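S.K.: I am attaching a structure below and will ask some questions about it afterwards.
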Amino acid sequence: AICFPLGVLAGAFPVLKRFIAPLEVGGGYTPPVALLPLVSVVSGLLAESGMDKYAAADSARIGFIVAITSFWLYPSIVALVEKVDDVFVNTAYTCGASRWQVIRHVLIPVAMADIWESFRVSYAIGWALIILAEGYAIGRIAGEYGLGMFLVLMQRRREMDNFFAAVLMIIITAMVFDFLFKLVGRKLFPYRETD
């Protein structure tokens, strides 16, 4: 919801791309693990502002996942929009299309199949971030559960059978969702040869 329109616009308008570039570069080179303490800080600030402690922790974790995923997804979408062949763009302009019509009727449709693949990859990245955000970003609040917390708890208790069972379920779930992404991709973009 954030990266798609921003990435398309930055790919179409180099001025916007240059404006966002410092944030993109800084975020891209920052290891996600280095930002985990920031999740605790944000959660604490939200809780101090009157937000429920569970909602504050969840909001901080979701913000972490969105930010880190965006650092990967945004430049990918920009590159895919910029990669659209100039022949399509110039043909649209020759036919009298405006800049916004070129974006809506040329850049997005031509790049969309590749952007869909970027969504698929970012979903996989999100799984790793969920484990980080739940298990390591904030100390467990009493009564709070999650997959990342479960993995950390099983590792601390040395209950590795439960740990690896959960990892196996993550892999199976990821494979199912990856298959669904590919299936939907085939329906949306039947002209593309996919795996």
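Labels used: A, B, ... for chains in the order of the structure tokens, numbers from 1 for residues in each chain, and numbers from 1 for ligands as shown.
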From a DSSP pass on the backbone, collect the residues of chain A flagged as alpha helix (DSSP H) and hand them back as a ChimeraX atom specification.
M.R.: /A:3-12,14-29,36-48,53-82,86-94,99-102,108-132,147-157,160-188
S.K.: Using only C-alpha atoms, tabulate the residues of range 63-87 of chain A lying at most 8 Å from any atom of range 114-129 of chain A, each with its closest atom pair and that distance in Å to one decimal, by chain and increasing residue number, as a tab-separated table.
M.R.:
```
residue	atom	partner	partner_atom	distance
A:Ile65	CA	A:Leu129	CA	5.9
A:Ile68	CA	A:Leu129	CA	7.9
A:Thr69	CA	A:Ser122	CA	6.2
A:Trp72	CA	A:Ser122	CA	7.3
A:Leu73	CA	A:Ser122	CA	6.4
A:Ser76	CA	A:Ser118	CA	6.9
A:Ile77	CA	A:Ile115	CA	6.0
A:Leu80	CA	A:Asp114	CA	6.9
```
S.K.: Write a file of the just-selected residues containing all heavy atoms, as an mmCIF file, in the first residue's frame.
M.R.:
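File written: result16.cif
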```cif
data_model
loop_
_atom_site.group_PDB
_atom_site.id
_atom_site.type_symbol
_atom_site.label_atom_id
_atom_site.label_comp_id
_atom_site.auth_asym_id
_atom_site.auth_seq_id
_atom_site.Cartn_x
_atom_site.Cartn_y
_atom_site.Cartn_z
ATOM 1 N N ILE A 65 8.140 -4.296 10.703
ATOM 2 C CA ILE A 65 7.993 -5.170 9.535
ATOM 3 C C ILE A 65 7.739 -4.346 8.270
ATOM 4 O O ILE A 65 8.343 -4.586 7.224
ATOM 5 C CB ILE A 65 6.866 -6.204 9.768
ATOM 6 C CG1 ILE A 65 7.274 -7.177 10.879
ATOM 7 C CG2 ILE A 65 6.537 -6.965 8.495
ATOM 8 C CD1 ILE A 65 6.145 -8.045 11.393
ATOM 9 N N ILE A 68 11.114 -2.378 7.277
ATOM 10 C CA ILE A 68 12.187 -3.206 6.724
ATOM 11 C C ILE A 68 11.773 -3.793 5.378
ATOM 12 O O ILE A 68 12.566 -3.823 4.431
ATOM 13 C CB ILE A 68 12.595 -4.327 7.700
ATOM 14 C CG1 ILE A 68 13.064 -3.736 9.026
ATOM 15 C CG2 ILE A 68 13.678 -5.209 7.087
ATOM 16 C CD1 ILE A 68 14.245 -2.809 8.934
ATOM 17 N N THR A 69 10.538 -4.242 5.264
ATOM 18 C CA THR A 69 10.062 -4.766 3.985
ATOM 19 C C THR A 69 10.083 -3.662 2.920
ATOM 20 O O THR A 69 10.449 -3.908 1.773
ATOM 21 C CB THR A 69 8.632 -5.339 4.124
ATOM 22 O OG1 THR A 69 8.627 -6.324 5.154
ATOM 23 C CG2 THR A 69 8.163 -5.970 2.844
ATOM 24 N N TRP A 72 13.300 -2.980 1.089
ATOM 25 C CA TRP A 72 13.592 -3.896 -0.018
ATOM 26 C C TRP A 72 12.626 -3.680 -1.183
ATOM 27 O O TRP A 72 13.036 -3.624 -2.345
ATOM 28 C CB TRP A 72 13.518 -5.352 0.440
ATOM 29 C CG TRP A 72 13.857 -6.255 -0.688
ATOM 30 C CD1 TRP A 72 15.100 -6.679 -1.058
ATOM 31 C CD2 TRP A 72 12.955 -6.802 -1.660
ATOM 32 N NE1 TRP A 72 15.028 -7.445 -2.186
ATOM 33 C CE2 TRP A 72 13.724 -7.543 -2.582
ATOM 34 C CE3 TRP A 72 11.584 -6.733 -1.845
ATOM 35 C CZ2 TRP A 72 13.155 -8.215 -3.660
ATOM 36 C CZ3 TRP A 72 11.021 -7.396 -2.925
ATOM 37 C CH2 TRP A 72 11.806 -8.131 -3.813
ATOM 38 N N LEU A 73 11.339 -3.558 -0.879
ATOM 39 C CA LEU A 73 10.318 -3.535 -1.923
ATOM 40 C C LEU A 73 10.327 -2.240 -2.737
ATOM 41 O O LEU A 73 10.207 -2.275 -3.967
ATOM 42 C CB LEU A 73 8.936 -3.761 -1.303
ATOM 43 C CG LEU A 73 7.757 -3.889 -2.254
ATOM 44 C CD1 LEU A 73 7.962 -5.038 -3.234
ATOM 45 C CD2 LEU A 73 6.463 -4.086 -1.468
ATOM 46 N N SER A 76 12.904 -2.019 -5.515
ATOM 47 C CA SER A 76 12.584 -3.029 -6.516
ATOM 48 C C SER A 76 11.500 -2.523 -7.464
ATOM 49 O O SER A 76 11.612 -2.653 -8.690
ATOM 50 C CB SER A 76 12.134 -4.317 -5.820
ATOM 51 O OG SER A 76 11.705 -5.270 -6.750
ATOM 52 N N ILE A 77 10.461 -1.928 -6.916
ATOM 53 C CA ILE A 77 9.372 -1.403 -7.753
ATOM 54 C C ILE A 77 9.874 -0.254 -8.624
ATOM 55 O O ILE A 77 9.553 -0.178 -9.820
ATOM 56 C CB ILE A 77 8.173 -0.968 -6.884
ATOM 57 C CG1 ILE A 77 7.525 -2.210 -6.243
ATOM 58 C CG2 ILE A 77 7.145 -0.192 -7.699
ATOM 59 C CD1 ILE A 77 6.443 -1.903 -5.238
ATOM 60 N N LEU A 80 11.788 -1.678 -11.532
ATOM 61 C CA LEU A 80 10.933 -2.352 -12.509
ATOM 62 C C LEU A 80 10.151 -1.351 -13.363
ATOM 63 O O LEU A 80 9.943 -1.577 -14.553
ATOM 64 C CB LEU A 80 9.984 -3.320 -11.795
ATOM 65 C CG LEU A 80 10.677 -4.516 -11.146
ATOM 66 C CD1 LEU A 80 9.713 -5.290 -10.258
ATOM 67 C CD2 LEU A 80 11.293 -5.426 -12.198
#
```
S.K.: What does the distance from CA of Leu38 in chain A to CA of Pro5 in chain A come to in Å, to one decimal?
M.R.: 26.6 Å
S.K.: Contacts of Val110 in chain A at 9 Å or less, counting only C-alpha atoms, minus same-chain residues fewer than 2 places along, as a list in words?
M.R.: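 Listed by chain and then number, they are Val81, Val84, Asp85, Phe88, His105, Val106, Leu107, Ile108, Met112, Ala113 and Asp114 of chain A.
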S.K.: The selected residues should be written to file as a compact mmCIF listing (two decimals), in the first residue's frame (atoms: N, CA, C and O atoms).
M.R.:
```
# COMPACT_ATOMS: atom_id res chain seq x y z
N VAL A 81 9.73 -0.24 -12.76
CA VAL A 81 9.03 0.79 -13.52
C VAL A 81 10.01 1.46 -14.48
O VAL A 81 9.69 1.72 -15.65
N VAL A 84 10.75 -0.40 -17.86
CA VAL A 84 9.77 -0.47 -18.95
C VAL A 84 10.39 0.16 -20.20
O VAL A 84 10.95 1.26 -20.16
N ASP A 85 10.31 -0.57 -21.29
CA ASP A 85 10.94 -0.15 -22.55
C ASP A 85 10.39 1.20 -23.01
O ASP A 85 9.18 1.43 -23.01
N PHE A 88 7.33 1.62 -25.51
CA PHE A 88 5.94 1.71 -25.04
C PHE A 88 5.59 3.13 -24.62
O PHE A 88 4.52 3.65 -24.94
N HIS A 105 -1.68 3.67 -17.80
CA HIS A 105 -2.00 2.73 -18.88
C HIS A 105 -0.79 2.06 -19.53
O HIS A 105 -0.96 1.16 -20.34
N VAL A 106 0.42 2.53 -19.19
CA VAL A 106 1.61 1.93 -19.79
C VAL A 106 2.56 1.39 -18.71
O VAL A 106 2.81 0.19 -18.64
N LEU A 107 3.06 2.27 -17.86
CA LEU A 107 4.08 1.86 -16.89
C LEU A 107 3.57 0.78 -15.93
O LEU A 107 4.23 -0.26 -15.75
N ILE A 108 2.42 1.01 -15.33
CA ILE A 108 1.90 0.04 -14.36
C ILE A 108 1.56 -1.29 -15.03
O ILE A 108 2.03 -2.35 -14.58
N MET A 112 3.68 -4.59 -14.08
CA MET A 112 2.92 -5.24 -13.01
C MET A 112 3.27 -6.71 -12.78
O MET A 112 3.31 -7.17 -11.64
N ALA A 113 3.53 -7.47 -13.81
CA ALA A 113 3.86 -8.89 -13.61
C ALA A 113 5.15 -9.03 -12.81
O ALA A 113 5.24 -9.88 -11.90
N ASP A 114 6.15 -8.20 -13.11
CA ASP A 114 7.39 -8.24 -12.35
C ASP A 114 7.20 -7.71 -10.94
O ASP A 114 7.79 -8.20 -9.98
```
S.K.: Would you work out the distance separating CA of Phe71 in chain A from CA of Glu24 in chain A, expressed in Å to one decimal?
M.R.: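 The value is 6.3 Å.
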S.K.: Mind pulling up the distance from CA of Gly28 in chain A to CA of Ser70 in chain A?
M.R.: 9.2 Å
S.K.: Would you mind listing what lies within 8 Å of range 169-184 of chain A as number ranges by chain, with only C-alpha atoms counted and same-chain residues fewer than 2 positions away left out?
M.R.: A: 120, 124, 165-167, 186-188, 194-195
S.K.: Between A:Ala21, A:Ala57, A:Leu168, A:Cys3, which one has atoms that come closest to Val41 in chain A, using only C-alpha atoms?
M.R.: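 Among the listed residues, A:Ala57 lies closest to Val41 in chain A.
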